[in-house]
file target02.pdb (PDB, C-alpha atoms, pLDDT in the B column)
MODEL        1
ATOM      1  CA  PRO P   1      45.623 -67.701  35.456  1.00 48.00           C
ATOM      2  CA  HIS P   2      48.968 -67.937  37.207  1.00 44.00           C
ATOM      3  CA  PRO P   3      51.870 -67.469  34.722  1.00 42.00           C
ATOM      4  CA  GLY P   4      53.031 -70.985  35.462  1.00 41.00           C
ATOM      5  CA  GLN P   5      49.706 -72.368  34.217  1.00 49.00           C
ATOM      6  CA  VAL P   6      49.903 -70.873  30.739  1.00 44.00           C
ATOM      7  CA  ALA P   7      52.458 -73.272  29.235  1.00 46.00           C
ATOM      8  CA  PRO P   8      50.784 -76.454  30.588  1.00 49.00           C
ATOM      9  CA  ARG P   9      47.389 -75.287  29.307  1.00 48.00           C
ATOM     10  CA  SER P  10      48.811 -74.499  25.871  1.00 47.00           C
ATOM     11  CA  GLY P  11      50.555 -77.849  25.741  1.00 48.00           C
ATOM     12  CA  LEU P  12      47.343 -79.607  26.705  1.00 42.00           C
ATOM     13  CA  ALA P  13      45.458 -77.810  23.922  1.00 46.00           C
ATOM     14  CA  ALA P  14      48.041 -78.942  21.377  1.00 48.00           C
ATOM     15  CA  ALA P  15      47.778 -82.520  22.621  1.00 47.00           C
ATOM     16  CA  VAL P  16      43.976 -82.421  22.422  1.00 45.00           C
ATOM     17  CA  ALA P  17      44.171 -81.035  18.887  1.00 46.00           C
ATOM     18  CA  ALA P  18      46.540 -83.824  17.810  1.00 48.00           C
ATOM     19  CA  ALA P  19      44.312 -86.480  19.373  1.00 46.00           C
ATOM     20  CA  LYS P  20      41.233 -85.106  17.628  1.00 47.00           C
ATOM     21  CA  ARG P  21      42.950 -85.032  14.262  1.00 45.00           C
ATOM     22  CA  ALA P  22      44.185 -88.589  14.743  1.00 46.00           C
ATOM     23  CA  GLY P  23      40.645 -89.676  15.523  1.00 44.00           C
ATOM     24  CA  GLY P  24      39.201 -87.866  12.531  1.00 45.00           C
ATOM     25  CA  VAL P  25      37.444 -85.235  14.656  1.00 41.00           C
ATOM     26  CA  THR P  26      37.555 -81.795  13.070  1.00 45.00           C
ATOM     27  CA  GLY P  27      34.444 -80.165  14.517  1.00 53.00           C
ATOM     28  CA  PHE P  28      34.565 -76.682  16.000  1.00 58.00           C
ATOM     29  CA  ARG P  29      33.667 -76.351  19.663  1.00 68.00           C
ATOM     30  CA  TRP P  30      33.380 -72.716  20.664  1.00 81.00           C
ATOM     31  CA  ARG P  31      31.695 -72.516  24.072  1.00 86.00           C
ATOM     32  CA  PRO P  32      30.789 -68.900  24.889  1.00 90.00           C
ATOM     33  CA  ALA P  33      28.704 -69.869  27.915  1.00 92.00           C
ATOM     34  CA  ARG P  34      31.639 -71.756  29.433  1.00 88.00           C
ATOM     35  CA  GLU P  35      33.883 -68.743  28.894  1.00 87.00           C
ATOM     36  CA  ILE P  36      31.425 -66.533  30.769  1.00 92.00           C
ATOM     37  CA  GLU P  37      31.204 -69.040  33.613  1.00 92.00           C
ATOM     38  CA  ILE P  38      35.005 -68.991  33.915  1.00 87.00           C
ATOM     39  CA  LEU P  39      35.119 -65.192  33.932  1.00 88.00           C
ATOM     40  CA  ARG P  40      32.362 -65.001  36.541  1.00 91.00           C
ATOM     41  CA  ALA P  41      34.266 -67.457  38.724  1.00 90.00           C
ATOM     42  CA  ILE P  42      37.446 -65.395  38.381  1.00 86.00           C
ATOM     43  CA  ARG P  43      35.596 -62.244  39.440  1.00 85.00           C
ATOM     44  CA  VAL P  44      34.352 -64.012  42.562  1.00 88.00           C
ATOM     45  CA  ALA P  45      37.704 -65.611  43.387  1.00 88.00           C
ATOM     46  CA  GLU P  46      39.820 -62.529  42.594  1.00 85.00           C
ATOM     47  CA  PRO P  47      37.663 -59.454  43.362  1.00 86.00           C
ATOM     48  CA  GLY P  48      40.715 -57.180  43.272  1.00 87.00           C
ATOM     49  CA  LEU P  49      41.677 -58.191  39.727  1.00 85.00           C
ATOM     50  CA  ASP P  50      40.689 -55.851  36.915  1.00 87.00           C
ATOM     51  CA  PRO P  51      37.901 -57.777  35.145  1.00 83.00           C
ATOM     52  CA  ILE P  52      38.850 -56.383  31.733  1.00 82.00           C
ATOM     53  CA  LEU P  53      42.426 -57.596  32.229  1.00 82.00           C
ATOM     54  CA  ALA P  54      41.198 -61.023  33.327  1.00 79.00           C
ATOM     55  CA  ALA P  55      38.937 -61.265  30.283  1.00 78.00           C
ATOM     56  CA  THR P  56      41.743 -60.218  27.932  1.00 78.00           C
ATOM     57  CA  ILE P  57      44.099 -62.892  29.263  1.00 79.00           C
ATOM     58  CA  TRP P  58      41.502 -65.623  29.135  1.00 76.00           C
ATOM     59  CA  ARG P  59      40.323 -64.621  25.672  1.00 72.00           C
ATOM     60  CA  ALA P  60      43.856 -64.869  24.295  1.00 72.00           C
ATOM     61  CA  MET P  61      44.308 -68.341  25.795  1.00 76.00           C
ATOM     62  CA  ILE P  62      40.917 -69.620  24.706  1.00 73.00           C
ATOM     63  CA  ALA P  63      41.280 -68.296  21.159  1.00 67.00           C
ATOM     64  CA  SER P  64      44.702 -69.901  20.851  1.00 67.00           C
ATOM     65  CA  ASN P  65      43.303 -73.220  22.049  1.00 71.00           C
ATOM     66  CA  LEU P  66      40.357 -73.044  19.650  1.00 66.00           C
ATOM     67  CA  ALA P  67      42.625 -72.227  16.730  1.00 63.00           C
ATOM     68  CA  ALA P  68      44.794 -75.245  17.580  1.00 66.00           C
ATOM     69  CA  GLN P  69      41.928 -77.668  18.174  1.00 62.00           C
ATOM     70  CA  GLY P  70      39.558 -76.965  15.336  1.00 56.00           C
ATOM     71  CA  GLY P  71      40.266 -73.740  13.534  1.00 66.00           C
ATOM     72  CA  LEU P  72      38.893 -70.322  14.263  1.00 79.00           C
ATOM     73  CA  GLN P  73      38.037 -67.584  11.802  1.00 87.00           C
ATOM     74  CA  VAL P  74      36.734 -64.162  12.752  1.00 93.00           C
ATOM     75  CA  VAL P  75      35.302 -61.641  10.320  1.00 97.00           C
ATOM     76  CA  ALA P  76      34.717 -58.075  11.504  1.00 97.00           C
ATOM     77  CA  ALA P  77      32.186 -55.591  10.175  1.00 96.00           C
ATOM     78  CA  PRO P  78      33.402 -52.037   9.462  1.00 94.00           C
ATOM     79  CA  GLY P  79      34.250 -50.324  12.745  1.00 94.00           C
ATOM     80  CA  CYS P  80      34.337 -53.621  14.666  1.00 96.00           C
ATOM     81  CA  GLU P  81      37.940 -54.581  13.979  1.00 95.00           C
ATOM     82  CA  ALA P  82      39.163 -53.567  17.451  1.00 93.00           C
ATOM     83  CA  ALA P  83      36.306 -55.435  19.117  1.00 94.00           C
ATOM     84  CA  ALA P  84      37.111 -58.542  17.072  1.00 93.00           C
ATOM     85  CA  ARG P  85      40.779 -58.393  18.060  1.00 89.00           C
ATOM     86  CA  SER P  86      39.857 -58.068  21.728  1.00 85.00           C
ATOM     87  CA  LEU P  87      37.525 -61.048  21.380  1.00 85.00           C
ATOM     88  CA  VAL P  88      40.188 -63.437  20.112  1.00 81.00           C
ATOM     89  CA  GLY P  89      43.364 -61.838  21.446  1.00 73.00           C
ATOM     90  CA  ASP P  90      45.184 -62.554  18.170  1.00 72.00           C
ATOM     91  CA  PRO P  91      45.013 -59.945  15.367  1.00 77.00           C
ATOM     92  CA  GLY P  92      46.078 -62.598  12.874  1.00 78.00           C
ATOM     93  CA  LEU P  93      42.759 -64.403  13.271  1.00 81.00           C
ATOM     94  CA  VAL P  94      40.690 -61.340  12.309  1.00 91.00           C
ATOM     95  CA  GLN P  95      39.606 -60.565   8.764  1.00 94.00           C
ATOM     96  CA  ALA P  96      38.063 -57.164   7.989  1.00 96.00           C
ATOM     97  CA  ALA P  97      34.886 -57.248   5.892  1.00 95.00           C
ATOM     98  CA  GLY P  98      33.499 -54.500   3.688  1.00 91.00           C
ATOM     99  CA  SER P  99      29.967 -54.622   5.081  1.00 92.00           C
ATOM    100  CA  VAL P 100      27.693 -56.334   7.577  1.00 92.00           C
ATOM    101  CA  SER P 101      26.205 -58.318   4.695  1.00 93.00           C
ATOM    102  CA  VAL P 102      29.596 -59.823   3.900  1.00 94.00           C
ATOM    103  CA  CYS P 103      30.045 -60.727   7.578  1.00 96.00           C
ATOM    104  CA  LEU P 104      26.752 -62.616   7.633  1.00 96.00           C
ATOM    105  CA  GLU P 105      27.515 -64.388   4.366  1.00 96.00           C
ATOM    106  CA  GLU P 106      30.926 -65.476   5.648  1.00 96.00           C
ATOM    107  CA  ALA P 107      29.526 -66.793   8.929  1.00 96.00           C
ATOM    108  CA  ALA P 108      26.752 -68.655   7.103  1.00 96.00           C
ATOM    109  CA  SER P 109      28.966 -70.235   4.437  1.00 95.00           C
ATOM    110  CA  ARG P 110      32.308 -70.862   6.158  1.00 90.00           C
ATOM    111  CA  PRO P 111      32.659 -73.338   9.042  1.00 84.00           C
ATOM    112  CA  HIS P 112      34.217 -72.212  12.328  1.00 86.00           C
ATOM    113  CA  THR P 113      33.556 -68.537  11.566  1.00 93.00           C
ATOM    114  CA  LEU P 114      32.466 -65.845  14.002  1.00 95.00           C
ATOM    115  CA  ALA P 115      31.016 -62.574  12.684  1.00 97.00           C
ATOM    116  CA  VAL P 116      31.587 -59.527  14.885  1.00 97.00           C
ATOM    117  CA  LEU P 117      28.871 -56.942  14.245  1.00 97.00           C
ATOM    118  CA  PRO P 118      28.126 -53.516  15.721  1.00 96.00           C
ATOM    119  CA  TRP P 119      25.774 -53.126  18.626  1.00 96.00           C
ATOM    120  CA  PRO P 120      22.283 -52.458  17.164  1.00 93.00           C
ATOM    121  CA  GLY P 121      21.619 -48.787  16.637  1.00 79.00           C
ATOM    122  CA  VAL P 122      24.999 -48.350  14.976  1.00 65.00           C
ATOM    123  CA  ARG P 123      24.139 -49.215  11.407  1.00 55.00           C
ATOM    124  CA  ASP P 124      25.635 -49.597   7.977  1.00 53.00           C
ATOM    125  CA  ASP P 125      23.930 -46.748   6.113  1.00 51.00           C
ATOM    126  CA  ARG P 126      24.317 -48.575   2.801  1.00 55.00           C
ATOM    127  CA  ALA P 127      21.910 -51.315   3.829  1.00 64.00           C
ATOM    128  CA  LEU P 128      19.335 -52.402   6.357  1.00 81.00           C
ATOM    129  CA  PRO P 129      20.740 -52.962   9.853  1.00 92.00           C
ATOM    130  CA  TRP P 130      22.206 -56.418  10.333  1.00 94.00           C
ATOM    131  CA  TRP P 131      19.570 -57.496  12.847  1.00 95.00           C
ATOM    132  CA  MET P 132      17.036 -57.257  10.024  1.00 93.00           C
ATOM    133  CA  LEU P 133      19.295 -58.827   7.404  1.00 93.00           C
ATOM    134  CA  VAL P 134      19.964 -61.858   9.595  1.00 94.00           C
ATOM    135  CA  GLN P 135      16.270 -62.750   9.492  1.00 91.00           C
ATOM    136  CA  ALA P 136      16.554 -63.793   5.819  1.00 92.00           C
ATOM    137  CA  PRO P 137      16.132 -67.548   5.189  1.00 92.00           C
ATOM    138  CA  ALA P 138      19.751 -67.785   4.007  1.00 94.00           C
ATOM    139  CA  PHE P 139      20.884 -66.908   7.540  1.00 96.00           C
ATOM    140  CA  ALA P 140      18.453 -69.109   9.456  1.00 93.00           C
ATOM    141  CA  ARG P 141      21.306 -70.987  11.187  1.00 94.00           C
ATOM    142  CA  LEU P 142      22.952 -67.800  12.478  1.00 97.00           C
ATOM    143  CA  HIS P 143      22.365 -66.606  16.030  1.00 97.00           C
ATOM    144  CA  VAL P 144      23.783 -64.034  18.396  1.00 97.00           C
ATOM    145  CA  CYS P 145      25.934 -66.029  20.816  1.00 96.00           C
ATOM    146  CA  ALA P 146      28.194 -63.533  22.615  1.00 96.00           C
ATOM    147  CA  ALA P 147      28.967 -59.880  23.238  1.00 96.00           C
ATOM    148  CA  VAL P 148      32.134 -57.794  23.228  1.00 94.00           C
ATOM    149  CA  PRO P 149      33.388 -56.924  25.759  1.00 91.00           C
ATOM    150  CA  GLN P 150      32.301 -59.926  27.803  1.00 90.00           C
ATOM    151  CA  ILE P 151      32.417 -57.911  31.021  1.00 90.00           C
ATOM    152  CA  ASP P 152      29.371 -56.025  32.314  1.00 91.00           C
ATOM    153  CA  THR P 153      30.436 -52.377  32.288  1.00 88.00           C
ATOM    154  CA  GLY P 154      26.982 -50.920  32.911  1.00 90.00           C
ATOM    155  CA  THR P 155      26.674 -49.798  29.292  1.00 92.00           C
ATOM    156  CA  PRO P 156      25.609 -51.676  26.142  1.00 93.00           C
ATOM    157  CA  PRO P 157      28.269 -53.928  24.613  1.00 95.00           C
ATOM    158  CA  GLU P 158      30.382 -52.555  21.800  1.00 95.00           C
ATOM    159  CA  ALA P 159      29.613 -55.442  19.459  1.00 97.00           C
ATOM    160  CA  LEU P 160      27.797 -58.753  19.191  1.00 97.00           C
ATOM    161  CA  VAL P 161      29.088 -62.067  17.895  1.00 97.00           C
ATOM    162  CA  VAL P 162      27.028 -64.106  15.442  1.00 97.00           C
ATOM    163  CA  ALA P 163      27.753 -67.733  14.548  1.00 96.00           C
ATOM    164  CA  ALA P 164      26.062 -70.770  13.002  1.00 95.00           C
ATOM    165  CA  MET P 165      25.112 -72.313  16.319  1.00 93.00           C
ATOM    166  CA  ALA P 166      22.349 -72.158  18.875  1.00 91.00           C
ATOM    167  CA  PRO P 167      23.007 -69.747  21.769  1.00 89.00           C
ATOM    168  CA  GLU P 168      24.111 -71.374  25.006  1.00 89.00           C
ATOM    169  CA  ARG P 169      22.539 -70.426  28.327  1.00 88.00           C
ATOM    170  CA  THR P 170      24.307 -69.388  31.507  1.00 92.00           C
ATOM    171  CA  GLY P 171      21.269 -68.614  33.668  1.00 88.00           C
ATOM    172  CA  ARG P 172      21.837 -64.863  33.324  1.00 91.00           C
ATOM    173  CA  ASP P 173      21.413 -64.040  29.665  1.00 95.00           C
ATOM    174  CA  THR P 174      20.072 -61.236  27.513  1.00 96.00           C
ATOM    175  CA  VAL P 175      17.806 -62.528  24.753  1.00 95.00           C
ATOM    176  CA  LEU P 176      17.284 -60.544  21.533  1.00 96.00           C
ATOM    177  CA  LEU P 177      13.972 -60.697  19.673  1.00 95.00           C
ATOM    178  CA  ALA P 178      13.137 -58.996  16.374  1.00 95.00           C
ATOM    179  CA  GLY P 179       9.724 -58.390  14.856  1.00 94.00           C
ATOM    180  CA  PRO P 180       6.765 -56.002  14.665  1.00 95.00           C
ATOM    181  CA  ARG P 181       6.383 -53.853  17.762  1.00 91.00           C
ATOM    182  CA  ALA P 182       2.851 -55.041  18.556  1.00 92.00           C
ATOM    183  CA  ALA P 183       3.985 -58.659  18.504  1.00 94.00           C
ATOM    184  CA  LEU P 184       7.028 -57.924  20.677  1.00 94.00           C
ATOM    185  CA  ASP P 185       5.134 -56.053  23.396  1.00 92.00           C
ATOM    186  CA  VAL P 186       3.755 -59.282  24.893  1.00 91.00           C
ATOM    187  CA  PHE P 187       7.261 -60.361  25.915  1.00 92.00           C
ATOM    188  CA  GLY P 188       7.869 -57.366  28.193  1.00 91.00           C
ATOM    189  CA  GLY P 189      11.350 -56.646  26.884  1.00 94.00           C
ATOM    190  CA  ARG P 190      13.011 -53.293  26.330  1.00 94.00           C
ATOM    191  CA  PRO P 191      13.396 -51.678  22.894  1.00 95.00           C
ATOM    192  CA  VAL P 192      16.948 -51.612  21.586  1.00 95.00           C
ATOM    193  CA  ALA P 193      16.584 -50.471  17.972  1.00 94.00           C
ATOM    194  CA  ARG P 194      13.985 -49.908  15.267  1.00 92.00           C
ATOM    195  CA  ALA P 195      14.036 -49.703  11.480  1.00 89.00           C
ATOM    196  CA  ALA P 196      11.621 -50.091   8.574  1.00 87.00           C
ATOM    197  CA  GLY P 197       8.641 -50.817  10.815  1.00 87.00           C
ATOM    198  CA  MET P 198      10.491 -53.487  12.802  1.00 92.00           C
ATOM    199  CA  GLU P 199      11.983 -53.397  16.284  1.00 95.00           C
ATOM    200  CA  LEU P 200      14.650 -55.227  18.247  1.00 96.00           C
ATOM    201  CA  HIS P 201      13.899 -55.941  21.898  1.00 96.00           C
ATOM    202  CA  ALA P 202      16.027 -57.343  24.707  1.00 96.00           C
ATOM    203  CA  LEU P 203      14.672 -59.419  27.564  1.00 94.00           C
ATOM    204  CA  GLU P 204      16.175 -61.423  30.386  1.00 91.00           C
ATOM    205  CA  ALA P 205      14.490 -64.787  29.764  1.00 87.00           C
ATOM    206  CA  MET P 206      14.163 -67.067  26.762  1.00 85.00           C
ATOM    207  CA  PRO P 207      10.681 -67.243  25.190  1.00 87.00           C
ATOM    208  CA  GLY P 208       8.901 -70.400  26.289  1.00 82.00           C
ATOM    209  CA  THR P 209      10.384 -70.353  29.790  1.00 80.00           C
ATOM    210  CA  THR P 210       8.411 -69.589  32.953  1.00 71.00           C
ATOM    211  CA  GLY P 211       6.332 -66.454  32.558  1.00 73.00           C
ATOM    212  CA  VAL P 212       7.454 -65.761  28.991  1.00 81.00           C
ATOM    213  CA  PRO P 213       5.287 -66.791  26.016  1.00 84.00           C
ATOM    214  CA  GLU P 214       6.611 -68.752  23.046  1.00 86.00           C
ATOM    215  CA  ALA P 215       7.736 -66.829  19.962  1.00 86.00           C
ATOM    216  CA  GLN P 216       5.169 -67.880  17.362  1.00 84.00           C
ATOM    217  CA  PRO P 217       6.446 -67.849  13.746  1.00 78.00           C
ATOM    218  CA  ASP P 218       3.174 -66.502  12.376  1.00 86.00           C
ATOM    219  CA  THR P 219       3.615 -63.291  14.399  1.00 91.00           C
ATOM    220  CA  GLY P 220       6.824 -62.385  12.584  1.00 91.00           C
ATOM    221  CA  VAL P 221       8.908 -62.573  15.792  1.00 93.00           C
ATOM    222  CA  ARG P 222      12.300 -64.272  15.617  1.00 93.00           C
ATOM    223  CA  VAL P 223      14.671 -65.074  18.463  1.00 93.00           C
ATOM    224  CA  LEU P 224      17.956 -63.712  17.122  1.00 96.00           C
ATOM    225  CA  GLY P 225      19.981 -65.246  19.935  1.00 95.00           C
ATOM    226  CA  ALA P 226      21.333 -64.415  23.355  1.00 96.00           C
ATOM    227  CA  TYR P 227      24.476 -63.250  25.070  1.00 96.00           C
ATOM    228  CA  ALA P 228      25.800 -63.219  28.621  1.00 95.00           C
ATOM    229  CA  LEU P 229      28.197 -60.964  30.497  1.00 94.00           C
ATOM    230  CA  ALA P 230      30.529 -61.629  33.412  1.00 90.00           C
TER     231      ALA P 230
ENDMDL
END
call {"tool": "encode", "arguments": {"input": "target02.pdb", "output": "structure tokens"}}
result
Amino acid sequence: PHPGQVAPRSGLAAAVAAAKRAGGVTGFRWRPAREIEILRAIRVAEPGLDPILAATIWRAMIASNLAAQGGLQVVAAPGCEAAARSLVGDPGLVQAAGSVSVCLEEAASRPHTLAVLPWPGVRDDRALPWWMLVQAPAFARLHVCAAVPQIDTGTPPEALVVAAMAPERTGRDTVLLAGPRAALDVFGGRPVARAAGMELHALEAMPGTTGVPEAQPDTGVRVLGAYALA
């Protein structure tokens, strides 16, 4: 954004927050898909602008607005503190957790909380990897909703963001499925990680859409969520 747009946008966010509080509205409205759409539009409109710089500026503004409008809490798994800070642009919003289990518990029990977890394959050796832990009934409401960084660098993201919300779609998303390998093979995705007889696969379309079968519960396959990159 142009420097002259920052103050008006911040003032608007404060006004929206005040109006919501006056009307008794306290719900959290994090919109990761909208953020990606904005970043994609910036890349098209400003091809000479460093995409990482653009994402950093927008993340700081968006996080500030979210914090003002409905509260925002971010809990980072060990080794993900830097990724969490880059996600929200404000170190004061980030709380370090002692394990991935604590991150999941915080996101499941505290409203308006984002858990920043390591990219699968980087695991907490004291426990099962988080993509297996999140399949427990206690975490049924949690889904992968975003990645860090949000820019496509040609390599896997550094971290993934889990929250108690359904993943939003942008039209170009990476879907993560977990389950037994034999059950996952029918989806035609690519293996990302494996542990304890289970695998995590990534595919480019949501199960149940054209050409992709539904994920049947009796097969042990769970859609962990989806993320998009700009």
call {"tool": "atom_distance", "arguments": {"input": "target02.pdb", "atom1": "CA of Ala205 (chain P)", "atom2": "CA of Arg31 (chain P)"}}
result
19.7 Å
call {"tool": "closest_atom_pairs", "arguments": {"input": "target02.pdb", "of": "region 25-134 of chain P", "to": "region 157-181 of chain P", "cutoff": "12 Å", "atoms": "all atoms listed in the file", "output": "Markdown table"}}
result
| residue | atom | partner | partner_atom | distance |
| --- | --- | --- | --- | --- |
| P:Phe28 | CA | P:Met165 | CA | 10.4 |
| P:Arg29 | CA | P:Met165 | CA | 10.0 |
| P:Trp30 | CA | P:Met165 | CA | 9.3 |
| P:Arg31 | CA | P:Glu168 | CA | 7.7 |
| P:Pro32 | CA | P:Glu168 | CA | 7.1 |
| P:Ala33 | CA | P:Glu168 | CA | 5.6 |
| P:Arg34 | CA | P:Thr170 | CA | 8.0 |
| P:Glu35 | CA | P:Thr170 | CA | 9.9 |
| P:Ile36 | CA | P:Thr170 | CA | 7.7 |
| P:Glu37 | CA | P:Thr170 | CA | 7.2 |
| P:Ile38 | CA | P:Thr170 | CA | 11.0 |
| P:Leu39 | CA | P:Thr170 | CA | 11.8 |
| P:Arg40 | CA | P:Thr170 | CA | 10.5 |
| P:Leu72 | CA | P:Ala163 | CA | 11.4 |
| P:Gln73 | CA | P:Ala163 | CA | 10.6 |
| P:Val74 | CA | P:Val161 | CA | 9.4 |
| P:Val75 | CA | P:Val161 | CA | 9.8 |
| P:Ala76 | CA | P:Val161 | CA | 9.4 |
| P:Ala77 | CA | P:Ala159 | CA | 9.6 |
| P:Pro78 | CA | P:Ala159 | CA | 11.2 |
| P:Gly79 | CA | P:Ala159 | CA | 9.6 |
| P:Cys80 | CA | P:Ala159 | CA | 7.0 |
| P:Glu81 | CA | P:Ala159 | CA | 10.0 |
| P:Ala82 | CA | P:Glu158 | CA | 9.9 |
| P:Ala83 | CA | P:Ala159 | CA | 6.7 |
| P:Ala84 | CA | P:Ala159 | CA | 8.5 |
| P:Arg85 | CA | P:Ala159 | CA | 11.6 |
| P:Ser86 | CA | P:Ala159 | CA | 10.8 |
| P:Leu87 | CA | P:Val161 | CA | 9.2 |
| P:Val88 | CA | P:Val161 | CA | 11.4 |
| P:Val100 | CA | P:Val162 | CA | 11.1 |
| P:Cys103 | CA | P:Val162 | CA | 9.1 |
| P:Leu104 | CA | P:Val162 | CA | 8.0 |
| P:Glu105 | CA | P:Ala163 | CA | 10.7 |
| P:Glu106 | CA | P:Ala163 | CA | 9.7 |
| P:Ala107 | CA | P:Ala163 | CA | 6.0 |
| P:Ala108 | CA | P:Ala164 | CA | 6.3 |
| P:Ser109 | CA | P:Ala164 | CA | 9.1 |
| P:Arg110 | CA | P:Ala164 | CA | 9.3 |
| P:Pro111 | CA | P:Ala164 | CA | 8.1 |
| P:His112 | CA | P:Ala163 | CA | 8.2 |
| P:Thr113 | CA | P:Ala163 | CA | 6.6 |
| P:Leu114 | CA | P:Ala163 | CA | 5.1 |
| P:Ala115 | CA | P:Val162 | CA | 5.1 |
| P:Val116 | CA | P:Val161 | CA | 4.7 |
| P:Leu117 | CA | P:Leu160 | CA | 5.4 |
| P:Pro118 | CA | P:Ala159 | CA | 4.5 |
| P:Trp119 | CA | P:Ala159 | CA | 4.6 |
| P:Pro120 | CA | P:Ala159 | CA | 8.2 |
| P:Gly121 | CA | P:Ala159 | CA | 10.8 |
| P:Val122 | CA | P:Ala159 | CA | 9.6 |
| P:Arg123 | CA | P:Ala159 | CA | 11.6 |
| P:Pro129 | CA | P:Ala178 | CA | 11.7 |
| P:Trp130 | CA | P:Val162 | CA | 10.4 |
| P:Trp131 | CA | P:Ala178 | CA | 7.5 |
| P:Met132 | CA | P:Ala178 | CA | 7.7 |
| P:Leu133 | CA | P:Ala178 | CA | 10.9 |
| P:Val134 | CA | P:Val162 | CA | 9.4 |
call {"tool": "atom_distance", "arguments": {"input": "target02.pdb", "atom1": "CA of Ala138 (chain P)", "atom2": "CA of Ala97 (chain P)"}}
result
18.5 Å
call {"tool": "closest_residue", "arguments": {"input": "target02.pdb", "among": "P:Val212, P:Ala230, P:Leu49, P:Ile42", "to": "Thr153 (chain P)", "atoms": "only C-alpha atoms"}}
result
P:Ala230
call {"tool": "atom_distance", "arguments": {"input": "target02.pdb", "atom1": "CA of Thr219 (chain P)", "atom2": "CA of Ala183 (chain P)"}}
result
6.2 Å
call {"tool": "residues_around", "arguments": {"input": "target02.pdb", "residues": "region 189-194 of chain P", "least_positions_apart": "3", "cutoff": "8 Å", "atoms": "all atoms listed in the file", "output": "JSON, numbers by chain"}}
result
{"P": [120, 121, 184, 185, 197, 198, 199, 200, 201, 202, 203, 204]}
call {"tool": "write_last_selection", "arguments": {"input": "target02.pdb", "atoms": "C-alpha atoms", "output": "PDB file, keeping the file's coordinate frame"}}
result
ATOM      1  CA  PRO P 120      22.283 -52.458  17.164  1.00 93.00           C
ATOM      2  CA  GLY P 121      21.619 -48.787  16.637  1.00 79.00           C
ATOM      3  CA  LEU P 184       7.028 -57.924  20.677  1.00 94.00           C
ATOM      4  CA  ASP P 185       5.134 -56.053  23.396  1.00 92.00           C
ATOM      5  CA  GLY P 197       8.641 -50.817  10.815  1.00 87.00           C
ATOM      6  CA  MET P 198      10.491 -53.487  12.802  1.00 92.00           C
ATOM      7  CA  GLU P 199      11.983 -53.397  16.284  1.00 95.00           C
ATOM      8  CA  LEU P 200      14.650 -55.227  18.247  1.00 96.00           C
ATOM      9  CA  HIS P 201      13.899 -55.941  21.898  1.00 96.00           C
ATOM     10  CA  ALA P 202      16.027 -57.343  24.707  1.00 96.00           C
ATOM     11  CA  LEU P 203      14.672 -59.419  27.564  1.00 94.00           C
ATOM     12  CA  GLU P 204      16.175 -61.423  30.386  1.00 91.00           C
TER      13      GLU P 204
END
call {"tool": "residues_around", "arguments": {"input": "target02.pdb", "residues": "Ile151 (chain P)", "least_positions_apart": "5", "cutoff": "8 Å", "atoms": "all atoms listed in the file", "output": "list in words"}}
result
Pro51, Ile52, Ala55, Leu229 and Ala230 of chain P
call {"tool": "closest_residue", "arguments": {"input": "target02.pdb", "among": "P:Phe187, P:Pro137, P:Ala54, P:Ala228", "to": "Thr209 (chain P)", "atoms": "only C-alpha atoms"}}
result
P:Phe187
call {"tool": "closest_residue", "arguments": {"input": "target02.pdb", "among": "P:Leu128, P:Glu46, P:Gln150, P:Cys145", "to": "Trp58 (chain P)", "atoms": "only C-alpha atoms"}}
result
P:Gln150
call {"tool": "closest_residue", "arguments": {"input": "target02.pdb", "among": "P:Ala60, P:Ala147, P:Ala45, P:Val186", "to": "Pro91 (chain P)", "atoms": "all atoms listed in the file"}}
result
P:Ala60
call {"tool": "decode", "arguments": {"input": "target02.pdb", "residues": "region 171-195 of chain P", "atoms": "C-alpha atoms", "output": "CSV table (one decimal), in the first residue's frame"}}
result
chain,number,residue,atom,x,y,z
P,171,GLY,CA,-9.2,-21.7,-6.5
P,172,ARG,CA,-5.5,-22.6,-6.3
P,173,ASP,CA,-5.1,-24.5,-3.0
P,174,THR,CA,-3.0,-27.3,-1.7
P,175,VAL,CA,-5.2,-29.8,0.2
P,176,LEU,CA,-3.7,-32.0,3.0
P,177,LEU,CA,-5.0,-35.5,3.6
P,178,ALA,CA,-3.9,-38.0,6.3
P,179,GLY,CA,-4.6,-41.7,6.5
P,180,PRO,CA,-3.3,-45.1,5.5
P,181,ARG,CA,-1.3,-45.1,2.3
P,182,ALA,CA,-3.6,-47.6,0.5
P,183,ALA,CA,-6.6,-45.4,1.1
P,184,LEU,CA,-4.7,-42.2,0.1
P,185,ASP,CA,-3.5,-43.6,-3.2
P,186,VAL,CA,-6.9,-43.2,-4.9
P,187,PHE,CA,-6.7,-39.4,-4.6
P,188,GLY,CA,-3.5,-39.1,-6.7
P,189,GLY,CA,-1.7,-36.7,-4.3
P,190,ARG,CA,2.0,-36.6,-3.5
P,191,PRO,CA,3.4,-38.0,-0.3
P,192,VAL,CA,4.6,-35.3,2.2
P,193,ALA,CA,5.4,-37.3,5.4
P,194,ARG,CA,4.9,-40.7,7.0
P,195,ALA,CA,4.9,-42.0,10.5
